[in-house]
Amino acid sequence: MEQPKLITAMVECPKGHHQKFDFDLREQRFRLSKVLPAGLVFPFDFGMIPGTKGEDGDPLDIIVIAESATFPGCLIECRLIGALQAEQTERDGQTMRNDRFLGVPTVSQQFPDIHTITDLPDNIIDQLEHFFRNYNQQAGKAFRVIARLNAEEAAALLP
């Protein structure tokens with residue numbers, strides 16, 4: 001098996017929280033950007049891959065598949081296991097790519113054998129897709145997964 005690509009994830013929104021935080025690159029600190037509707041929480045730590053830039057101008061998004069929540073600003077070394085290649089349609093009708101990369105912490109005790117997206121149970125990926133569709137719908141946007149990429153395909157998308 002090929003060695004997994006290791007990346008650093010910076011957590012912005014911890015697992016189980018209903019607040020959306022964004023890292024302000026200019027201020028070098030976190031800002032509360034929104035509160036999710038009642039009952040909607042982040043299913044896993046969500047954040048960014050520092051030093052990258054997506055089509056929306058923000059750093060690339062990453063979901064950290066881990067057994068417990070961390071905190072905003074936590075840096076986590078992860079094995080890149082795949083990505084949800086997605087299109088997001090903004091309120092103004094503009095559509096752009098807004099992929100969600102998937103990583104597993106190298107120190108994970110619960111997921112040591114997860115090396116690519118197909119190693120995860122389908123229900124975890126289905127729930128993630130549903131979360132992002134619902135999350136975007138609440139903001140007046142549309143989110144559509146166009147492909148589930150394995151670890152090698154996801155690594156090819158990174159700079």
# chains A, B, ... in the order shown; residues from 1 in each chain; ligands from 1
>>> select_by_dssp(residues="chain A", states="strand (DSSP E or B)", output="PyMOL selection string")
chain A and resi 6-13+19-24+29-35+45-48+61-64+75-89+95-97+100-105+142-149
>>> closest_residue(among="A:Pro121, A:Gly82, A:Pro37, A:Pro159", to="Val104 in chain A", atoms="only C-alpha atoms")
A:Gly82
>>> closest_residue(among="A:Phe71, A:Lys5, A:Ala139, A:Gln94", to="Ser33 in chain A", atoms="only C-alpha atoms")
A:Ala139
>>> atom_distance(atom1="CA of Val41 in chain A", atom2="CA of Asp56 in chain A")
23.0 Å
>>> residues_around(residues="range 131-134 of chain A", least_positions_apart="3", cutoff="6 Å", atoms="only C-alpha atoms", output="compact mmCIF listing (two decimals) with C-alpha atoms, in the first residue's frame")
# COMPACT_ATOMS: atom_id res chain seq x y z
CA LEU A 128 -21.60 14.05 6.02
CA GLN A 137 -29.72 24.98 2.45
CA PHE A 143 -24.49 21.88 -2.10
>>> select_by_dssp(residues="chain A", states="alpha helix (DSSP H)", output="VMD selection string")
chain A and resid 122 to 138 151 to 157
>>> residues_around(residues="Leu158 in chain A", least_positions_apart="3", cutoff="9 Å", atoms="only C-alpha atoms", output="ChimeraX atom specification")
/A:52,60,154-155
>>> residues_around(residues="Leu25 in chain A", least_positions_apart="4", cutoff="12 Å", atoms="only C-alpha atoms", output="list in words")
Arg29, Phe30, Arg31, Met48, Pro50, Gly51, Gly57, Asp58 and Pro59 of chain A
>>> residues_around(residues="Glu55 in chain A", least_positions_apart="5", cutoff="9 Å", atoms="only C-alpha atoms", output="PDB file with C-alpha atoms, in the first residue's frame")
ATOM      1  CA  LEU A  60      -9.443  24.276   1.414  1.00  0.00           C
ATOM      2  CA  MET A  96     -18.246  26.997  -7.791  1.00  0.00           C
ATOM      3  CA  ARG A  97     -16.300  24.014  -6.581  1.00  0.00           C
ATOM      4  CA  ASN A  98     -16.136  23.728  -2.804  1.00  0.00           C
TER       5      ASN A  98
END
>>> residues_around(residues="Leu84 in chain A", least_positions_apart="2", cutoff="9 Å", atoms="only C-alpha atoms", output="list in words")
Gly82, Ala86, Asn98, Asp99, Arg100, Phe101, Leu102, Ile125, Glu129, Val145, Ile146, Ala147, Arg148, Leu149 and Ala154 of chain A
>>> atom_distance(atom1="CA of Gln109 in chain A", atom2="CA of Asp61 in chain A")
23.4 Å
>>> closest_residue(among="A:Ile49, A:Leu32, A:Ala38, A:Ile65", to="Lys15 in chain A", atoms="only C-alpha atoms")
A:Ile65
>>> closest_residue(among="A:Asn150, A:Thr95, A:Gln138, A:Thr8", to="Thr116 in chain A", atoms="only C-alpha atoms")
A:Asn150
>>> closest_residue(among="A:Gln19, A:Gln88, A:Gln3, A:Ser68", to="Gln110 in chain A", atoms="only C-alpha atoms")
A:Ser68
